[in-house]
file target-v7.pdb (PDB, C-alpha atoms, pLDDT in the B column)
ATOM      1  CA  MET A   1      90.456 179.319   4.976  1.00 80.00           C
ATOM      2  CA  VAL A   2      90.362 176.858   2.143  1.00 93.00           C
ATOM      3  CA  ASP A   3      87.263 177.189  -0.014  1.00 95.00           C
ATOM      4  CA  LEU A   4      86.025 174.970  -2.829  1.00 96.00           C
ATOM      5  CA  THR A   5      87.886 176.913  -5.523  1.00 96.00           C
ATOM      6  CA  LYS A   6      91.187 176.778  -3.675  1.00 96.00           C
ATOM      7  CA  ALA A   7      90.824 173.066  -2.845  1.00 96.00           C
ATOM      8  CA  LYS A   8      90.012 172.176  -6.454  1.00 97.00           C
ATOM      9  CA  GLU A   9      92.957 174.230  -7.683  1.00 96.00           C
ATOM     10  CA  TYR A  10      95.303 172.452  -5.237  1.00 95.00           C
ATOM     11  CA  LEU A  11      93.904 169.050  -6.220  1.00 96.00           C
ATOM     12  CA  ARG A  12      94.035 170.037  -9.919  1.00 96.00           C
ATOM     13  CA  ILE A  13      90.383 169.277 -10.516  1.00 95.00           C
ATOM     14  CA  ASP A  14      88.439 171.110 -13.209  1.00 94.00           C
ATOM     15  CA  GLU A  15      85.157 169.196 -13.150  1.00 94.00           C
ATOM     16  CA  ASP A  16      82.250 169.934 -10.818  1.00 95.00           C
ATOM     17  CA  TYR A  17      80.977 166.399 -10.237  1.00 94.00           C
ATOM     18  CA  GLU A  18      82.985 165.930  -6.990  1.00 94.00           C
ATOM     19  CA  ASP A  19      82.218 169.326  -5.458  1.00 96.00           C
ATOM     20  CA  THR A  20      80.035 167.829  -2.716  1.00 96.00           C
ATOM     21  CA  LEU A  21      82.825 165.451  -1.664  1.00 96.00           C
ATOM     22  CA  ILE A  22      85.416 168.231  -1.673  1.00 96.00           C
ATOM     23  CA  GLU A  23      83.173 170.515   0.398  1.00 97.00           C
ATOM     24  CA  MET A  24      82.723 167.689   2.908  1.00 96.00           C
ATOM     25  CA  LEU A  25      86.515 167.233   3.051  1.00 96.00           C
ATOM     26  CA  ILE A  26      86.955 170.955   3.695  1.00 95.00           C
ATOM     27  CA  ASP A  27      84.628 170.678   6.711  1.00 95.00           C
ATOM     28  CA  PHE A  28      86.385 167.485   7.818  1.00 94.00           C
ATOM     29  CA  SER A  29      89.773 169.224   7.649  1.00 93.00           C
ATOM     30  CA  LYS A  30      88.578 171.940  10.037  1.00 93.00           C
ATOM     31  CA  GLU A  31      87.265 169.319  12.470  1.00 93.00           C
ATOM     32  CA  GLU A  32      90.498 167.320  12.211  1.00 92.00           C
ATOM     33  CA  ILE A  33      92.631 170.394  12.965  1.00 91.00           C
ATOM     34  CA  GLU A  34      90.457 171.360  15.936  1.00 92.00           C
ATOM     35  CA  ASN A  35      90.444 167.816  17.330  1.00 91.00           C
ATOM     36  CA  SER A  36      94.213 167.493  16.921  1.00 89.00           C
ATOM     37  CA  THR A  37      95.288 170.933  18.139  1.00 90.00           C
ATOM     38  CA  GLY A  38      92.402 172.572  19.971  1.00 87.00           C
ATOM     39  CA  VAL A  39      92.667 175.449  17.492  1.00 87.00           C
ATOM     40  CA  THR A  40      89.386 176.468  15.911  1.00 84.00           C
ATOM     41  CA  PHE A  41      89.113 178.332  12.645  1.00 80.00           C
ATOM     42  CA  GLU A  42      87.968 181.361  14.617  1.00 82.00           C
ATOM     43  CA  SER A  43      91.032 181.299  16.909  1.00 80.00           C
ATOM     44  CA  GLY A  44      93.745 180.560  14.382  1.00 68.00           C
ATOM     45  CA  GLY A  45      92.274 179.676  11.050  1.00 71.00           C
ATOM     46  CA  ASP A  46      93.111 182.892   9.295  1.00 76.00           C
ATOM     47  CA  THR A  47      96.724 181.855   8.729  1.00 86.00           C
ATOM     48  CA  LYS A  48      98.713 180.218   5.960  1.00 89.00           C
ATOM     49  CA  THR A  49      99.664 177.480   8.457  1.00 89.00           C
ATOM     50  CA  TYR A  50      96.006 176.560   8.978  1.00 91.00           C
ATOM     51  CA  GLU A  51      95.358 176.714   5.238  1.00 92.00           C
ATOM     52  CA  LEU A  52      98.279 174.413   4.415  1.00 92.00           C
ATOM     53  CA  ALA A  53      97.195 171.934   7.106  1.00 92.00           C
ATOM     54  CA  GLN A  54      93.713 171.918   5.567  1.00 94.00           C
ATOM     55  CA  LEU A  55      95.107 171.268   2.084  1.00 95.00           C
ATOM     56  CA  ILE A  56      97.240 168.361   3.304  1.00 93.00           C
ATOM     57  CA  ILE A  57      94.260 166.756   5.057  1.00 92.00           C
ATOM     58  CA  ILE A  58      91.927 167.339   2.103  1.00 94.00           C
ATOM     59  CA  THR A  59      94.448 165.847  -0.317  1.00 93.00           C
ATOM     60  CA  ASP A  60      95.074 162.786   1.849  1.00 89.00           C
ATOM     61  CA  ARG A  61      91.392 161.999   2.256  1.00 89.00           C
ATOM     62  CA  TYR A  62      90.616 162.733  -1.413  1.00 91.00           C
ATOM     63  CA  GLU A  63      93.412 160.527  -2.721  1.00 88.00           C
ATOM     64  CA  ASN A  64      92.626 157.700  -0.271  1.00 83.00           C
ATOM     65  CA  ARG A  65      88.825 157.843  -0.401  1.00 80.00           C
ATOM     66  CA  GLY A  66      88.545 154.354  -1.871  1.00 75.00           C
ATOM     67  CA  SER A  67      90.902 152.814   0.650  1.00 68.00           C
ATOM     68  CA  GLN A  68      89.644 150.380   3.259  1.00 66.00           C
ATOM     69  CA  ASP A  69      92.146 151.942   5.672  1.00 63.00           C
ATOM     70  CA  LEU A  70      90.327 154.940   7.122  1.00 60.00           C
ATOM     71  CA  GLU A  71      93.022 155.824   9.636  1.00 63.00           C
ATOM     72  CA  PHE A  72      94.848 159.071   8.968  1.00 59.00           C
ATOM     73  CA  LYS A  73      98.540 158.309   8.462  1.00 63.00           C
ATOM     74  CA  PRO A  74     101.185 160.311  10.337  1.00 63.00           C
ATOM     75  CA  ASN A  75     102.636 163.056   8.222  1.00 77.00           C
ATOM     76  CA  ASN A  76     105.743 164.924   9.397  1.00 81.00           C
ATOM     77  CA  MET A  77     104.759 168.132   7.641  1.00 82.00           C
ATOM     78  CA  LEU A  78     101.254 168.027   9.104  1.00 86.00           C
ATOM     79  CA  SER A  79     102.639 167.267  12.574  1.00 85.00           C
ATOM     80  CA  SER A  80     104.882 170.314  12.268  1.00 86.00           C
ATOM     81  CA  LEU A  81     101.946 172.484  11.202  1.00 88.00           C
ATOM     82  CA  TYR A  82      99.840 171.168  14.099  1.00 86.00           C
ATOM     83  CA  THR A  83     102.612 172.131  16.521  1.00 87.00           C
ATOM     84  CA  LYS A  84     102.848 175.590  15.014  1.00 87.00           C
ATOM     85  CA  LEU A  85      99.073 176.029  15.231  1.00 87.00           C
ATOM     86  CA  LYS A  86      98.891 174.687  18.772  1.00 85.00           C
ATOM     87  CA  TYR A  87     101.673 176.866  20.157  1.00 84.00           C
ATOM     88  CA  GLY A  88     101.464 179.868  17.833  1.00 77.00           C
ATOM     89  CA  ASP A  89     100.894 183.384  19.135  1.00 59.00           C
ATOM     90  CA  TYR A  90      97.409 183.543  17.595  1.00 53.00           C
ATOM     91  CA  ASN A  91      96.297 180.741  19.925  1.00 48.00           C
ATOM     92  CA  VAL A  92      96.893 182.864  23.049  1.00 47.00           C
ATOM     93  CA  GLN A  93      93.641 183.983  24.634  1.00 49.00           C
ATOM     94  CA  PRO A  94      93.611 187.540  26.100  1.00 44.00           C
TER      95      PRO A  94
END

call {"tool": "encode", "arguments": {"input": "target-v7.pdb", "output": "structure tokens"}}
result
Amino acid sequence: MVDLTKAKEYLRIDEDYEDTLIEMLIDFSKEEIENSTGVTFESGGDTKTYELAQLIIITDRYENRGSQDLEFKPNNMLSSLYTKLKYGDYNVQP
């Protein structure tokens, strides 16, 4: 899972003054993945696919936080990751 340190490294942020925002975006990314795929962190979050999807979502929301357009824009890479998460082997319940 993406933590604060990893998110800040990916965003190339050294300061601490936006930590609260970044932590909120980390939580939002997990909700967004679950709402879009049905995959929870517990059922598929311990993968690089989940982590990359989180980073893409976090980056989009961080970079567009001042925008009046709050709708998440389609992203081909993210759509591909969602498909992989949704239909991956780790999403099969025993």

call {"tool": "axis_aligned_box", "arguments": {"input": "target-v7.pdb", "around": "stretch 45-60 of chain A", "padding_each_side": "8 Å", "output": "AutoDock Vina command-line options"}}
result
--center_x 95.8 --center_y 172.8 --center_z 5.4 --size_x 23.7 --size_y 36.1 --size_z 27.4

call {"tool": "atom_distance", "arguments": {"input": "target-v7.pdb", "atom1": "atom CA of A:Thr59", "atom2": "atom CA of A:Glu42"}}
result
22.5 Å

call {"tool": "atom_distance", "arguments": {"input": "target-v7.pdb", "atom1": "atom CA of A:Lys8", "atom2": "atom CA of A:Ser36"}}
result
24.2 Å

call {"tool": "resolve_selection", "arguments": {"input": "target-v7.pdb", "expression": "the PyMOL selection byres ((chain A and resi 2-7) around 10)", "output": "PyMOL selection string"}}
result
chain A and resi 1+8-14+19-20+22-27+29-30+45-46+48+50-55+58-59

call {"tool": "write_last_selection", "arguments": {"input": "target-v7.pdb", "atoms": "C-alpha atoms", "output": "compact mmCIF listing (two decimals), in the coordinates of the input"}}
result
# COMPACT_ATOMS: atom_id res chain seq x y z
CA MET A 1 90.46 179.32 4.98
CA LYS A 8 90.01 172.18 -6.45
CA GLU A 9 92.96 174.23 -7.68
CA TYR A 10 95.30 172.45 -5.24
CA LEU A 11 93.90 169.05 -6.22
CA ARG A 12 94.04 170.04 -9.92
CA ILE A 13 90.38 169.28 -10.52
CA ASP A 14 88.44 171.11 -13.21
CA ASP A 19 82.22 169.33 -5.46
CA THR A 20 80.04 167.83 -2.72
CA ILE A 22 85.42 168.23 -1.67
CA GLU A 23 83.17 170.52 0.40
CA MET A 24 82.72 167.69 2.91
CA LEU A 25 86.52 167.23 3.05
CA ILE A 26 86.96 170.96 3.70
CA ASP A 27 84.63 170.68 6.71
CA SER A 29 89.77 169.22 7.65
CA LYS A 30 88.58 171.94 10.04
CA GLY A 45 92.27 179.68 11.05
CA ASP A 46 93.11 182.89 9.30
CA LYS A 48 98.71 180.22 5.96
CA TYR A 50 96.01 176.56 8.98
CA GLU A 51 95.36 176.71 5.24
CA LEU A 52 98.28 174.41 4.42
CA ALA A 53 97.20 171.93 7.11
CA GLN A 54 93.71 171.92 5.57
CA LEU A 55 95.11 171.27 2.08
CA ILE A 58 91.93 167.34 2.10
CA THR A 59 94.45 165.85 -0.32

call {"tool": "residues_around", "arguments": {"input": "target-v7.pdb", "residues": "A:Met77", "least_positions_apart": "3", "cutoff": "10 Å", "atoms": "only C-alpha atoms", "output": "list in words"}}
result
Leu52, Ala53, Ile56, Pro74, Ser80, Leu81, Tyr82 and Thr83 of chain A

call {"tool": "resolve_selection", "arguments": {"input": "target-v7.pdb", "expression": "the PyMOL selection byres ((chain A and resi 37) around 9)", "output": "MDAnalysis selection string"}}
result
chainID A and resid 32:36 38:40 82:83 85:87

call {"tool": "atom_distance", "arguments": {"input": "target-v7.pdb", "atom1": "atom CA of A:Asn76", "atom2": "atom CA of A:Ile57"}}
result
12.4 Å

call {"tool": "closest_residue", "arguments": {"input": "target-v7.pdb", "among": "A:Leu21, A:Ser43, A:Asp60, A:Glu15", "to": "A:Asn75", "atoms": "all atoms listed in the file"}}
result
A:Asp60
